[in-house]
file structure27.csv (CSV, C-alpha atoms)
chain,number,residue,atom,x,y,z
A,1,MET,CA,0.0,0.0,0.0
A,2,LEU,CA,1.3,3.5,-0.8
A,3,ASN,CA,2.1,5.9,1.9
A,4,ALA,CA,-1.1,7.5,3.3
A,5,ASN,CA,0.3,11.0,2.9
A,6,LEU,CA,0.6,10.6,-0.9
A,7,PRO,CA,-2.1,11.9,-3.3
A,8,LEU,CA,-4.6,9.2,-4.3
A,9,ASP,CA,-5.2,10.7,-7.8
A,10,PRO,CA,-2.6,9.3,-10.2
A,11,ILE,CA,-2.1,12.7,-12.0
A,12,MET,CA,-1.7,14.5,-8.7
A,13,LEU,CA,0.7,11.7,-7.5
A,14,TYR,CA,2.7,12.1,-10.7
A,15,SER,CA,3.1,15.8,-10.1
A,16,TYR,CA,4.0,15.4,-6.4
A,17,ILE,CA,6.5,12.7,-7.0
A,18,ASN,CA,8.3,14.6,-9.8
A,19,THR,CA,8.5,17.6,-7.6
A,20,LEU,CA,10.1,15.6,-4.9
A,21,LEU,CA,12.5,14.0,-7.3
A,22,ARG,CA,13.5,17.4,-8.7
A,23,ASP,CA,13.8,19.2,-5.4
A,24,ARG,CA,14.9,16.6,-2.8
A,25,TYR,CA,16.0,13.2,-4.2
A,26,ASP,CA,18.6,12.1,-6.6
A,27,SER,CA,16.8,8.8,-7.5
A,28,LEU,CA,13.5,7.0,-7.2
A,29,GLU,CA,15.2,4.5,-4.9
A,30,SER,CA,16.3,7.1,-2.4
A,31,LEU,CA,12.8,8.7,-2.5
A,32,CYS,CA,11.1,5.3,-1.9
A,33,ASP,CA,13.6,4.4,0.9
A,34,ASP,CA,13.2,7.7,2.7
A,35,MET,CA,9.4,7.8,2.4
A,36,GLU,CA,8.9,4.1,3.0
A,37,ILE,CA,7.1,3.7,-0.3
A,38,ASP,CA,6.8,0.4,-2.2
A,39,LYS,CA,8.7,1.3,-5.4
A,40,LYS,CA,6.9,-1.3,-7.6
A,41,GLU,CA,3.5,-0.2,-6.3
A,42,LEU,CA,4.3,3.5,-7.1
A,43,GLU,CA,5.6,2.6,-10.5
A,44,ASP,CA,2.5,0.5,-11.2
A,45,LYS,CA,0.2,3.3,-10.1
A,46,LEU,CA,1.9,5.9,-12.3
A,47,LEU,CA,2.1,3.4,-15.2
A,48,SER,CA,-1.8,3.2,-15.0
A,49,VAL,CA,-1.8,6.8,-16.5
A,50,GLY,CA,1.1,6.1,-18.9
A,51,MET,CA,3.9,7.5,-16.8
A,52,VAL,CA,7.3,5.7,-16.6
A,53,TYR,CA,10.3,6.5,-14.5
A,54,GLU,CA,13.4,7.6,-16.5
A,55,PRO,CA,16.5,7.4,-14.4
A,56,GLN,CA,18.5,9.6,-16.8
A,57,THR,CA,16.3,12.6,-16.1
A,58,ASN,CA,15.2,11.4,-12.6
A,59,GLN,CA,11.5,11.9,-13.4
A,60,PHE,CA,8.4,10.2,-14.5
A,61,ARG,CA,7.3,11.0,-18.1
call {"tool": "encode", "arguments": {"input": "structure27.csv", "output": "structure tokens"}}
result
Amino acid sequence: MLNANLPLDPIMLYSYINTLLRDRYDSLESLCDDMEIDKKELEDKLLSVGMVYEPQTNQFR
């Protein structure tokens, strides 16, 4: 289950996660570790709206 403090709407979640990746974290792994988020679940939720993590740019697109 995703962290209860995260937005439930996938589009809002996409925006929120990308903001965190831009401003606070150098990788998706560090964000997930720090926030105790299941990385696979997060990726699956964002994939449901067509967003995929790109490590080269450190963002979902």
call {"tool": "residues_around", "arguments": {"input": "structure27.csv", "residues": "A:Ala4", "least_positions_apart": "3", "cutoff": "12 Å", "atoms": "all atoms listed in the file", "output": "list in words"}}
result
Met1, Pro7, Leu8, Leu13, Met35, Glu36, Ile37 and Asp38 of chain A
call {"tool": "atom_distance", "arguments": {"input": "structure27.csv", "atom1": "atom CA of A:Asp44", "atom2": "atom CA of A:Tyr25"}}
result
19.8 Å
call {"tool": "residues_near_point", "arguments": {"input": "structure27.csv", "point": "(4.1, 12.9, -11.8)", "cutoff": "10 Å", "atoms": "only C-alpha atoms", "output": "VMD selection string"}}
result
chain A and resid 10 to 21 46 49 51 to 53 59 to 61
call {"tool": "atom_distance", "arguments": {"input": "structure27.csv", "atom1": "atom CA of A:Lys45", "atom2": "atom CA of A:Asp26"}}
result
20.7 Å
call {"tool": "atom_distance", "arguments": {"input": "structure27.csv", "atom1": "atom CA of A:Pro55", "atom2": "atom CA of A:Leu28"}}
result
7.8 Å
call {"tool": "build_atoms", "arguments": {"input": "structure27.csv", "residues": "stretch 26-47 of chain A", "atoms": "N, CA and C atoms", "output": "compact mmCIF listing (two decimals), keeping the file's coordinate frame"}}
result
# COMPACT_ATOMS: atom_id res chain seq x y z
N ASP A 26 17.84 12.31 -5.42
CA ASP A 26 18.60 12.10 -6.60
C ASP A 26 18.27 10.82 -7.37
N SER A 27 17.31 10.05 -6.82
CA SER A 27 16.80 8.80 -7.50
C SER A 27 15.50 8.41 -6.92
N LEU A 28 14.80 7.59 -7.69
CA LEU A 28 13.50 7.00 -7.20
C LEU A 28 13.76 6.13 -6.03
N GLU A 29 14.85 5.40 -6.05
CA GLU A 29 15.20 4.50 -4.90
C GLU A 29 15.34 5.25 -3.63
N SER A 30 16.05 6.37 -3.67
CA SER A 30 16.30 7.10 -2.40
C SER A 30 14.95 7.74 -1.93
N LEU A 31 14.09 8.20 -2.84
CA LEU A 31 12.80 8.70 -2.50
C LEU A 31 11.96 7.61 -1.77
N CYS A 32 11.89 6.45 -2.42
CA CYS A 32 11.10 5.30 -1.90
C CYS A 32 11.65 4.87 -0.53
N ASP A 33 12.95 4.77 -0.41
CA ASP A 33 13.60 4.40 0.90
C ASP A 33 13.24 5.36 1.97
N ASP A 34 13.42 6.62 1.69
CA ASP A 34 13.20 7.70 2.70
C ASP A 34 11.75 7.78 3.11
N MET A 35 10.84 7.66 2.15
CA MET A 35 9.40 7.80 2.40
C MET A 35 8.70 6.52 2.75
N GLU A 36 9.47 5.42 2.73
CA GLU A 36 8.90 4.10 3.00
C GLU A 36 7.77 3.76 2.04
N ILE A 37 8.05 3.95 0.75
CA ILE A 37 7.10 3.70 -0.30
C ILE A 37 7.52 2.43 -1.05
N ASP A 38 6.56 1.59 -1.38
CA ASP A 38 6.80 0.40 -2.20
C ASP A 38 7.06 0.89 -3.64
N LYS A 39 8.29 0.77 -4.10
CA LYS A 39 8.70 1.30 -5.40
C LYS A 39 7.84 0.68 -6.54
N LYS A 40 7.65 -0.61 -6.52
CA LYS A 40 6.90 -1.30 -7.60
C LYS A 40 5.44 -0.80 -7.57
N GLU A 41 4.85 -0.64 -6.42
CA GLU A 41 3.50 -0.20 -6.30
C GLU A 41 3.36 1.27 -6.89
N LEU A 42 4.32 2.11 -6.56
CA LEU A 42 4.30 3.50 -7.10
C LEU A 42 4.46 3.48 -8.59
N GLU A 43 5.41 2.70 -9.10
CA GLU A 43 5.60 2.60 -10.50
C GLU A 43 4.34 2.10 -11.24
N ASP A 44 3.70 1.09 -10.66
CA ASP A 44 2.50 0.50 -11.20
C ASP A 44 1.35 1.56 -11.26
N LYS A 45 1.22 2.31 -10.17
CA LYS A 45 0.20 3.30 -10.10
C LYS A 45 0.36 4.39 -11.16
N LEU A 46 1.60 4.83 -11.34
CA LEU A 46 1.90 5.90 -12.30
C LEU A 46 1.83 5.30 -13.76
N LEU A 47 2.16 4.04 -13.91
CA LEU A 47 2.10 3.40 -15.20
C LEU A 47 0.59 3.34 -15.67
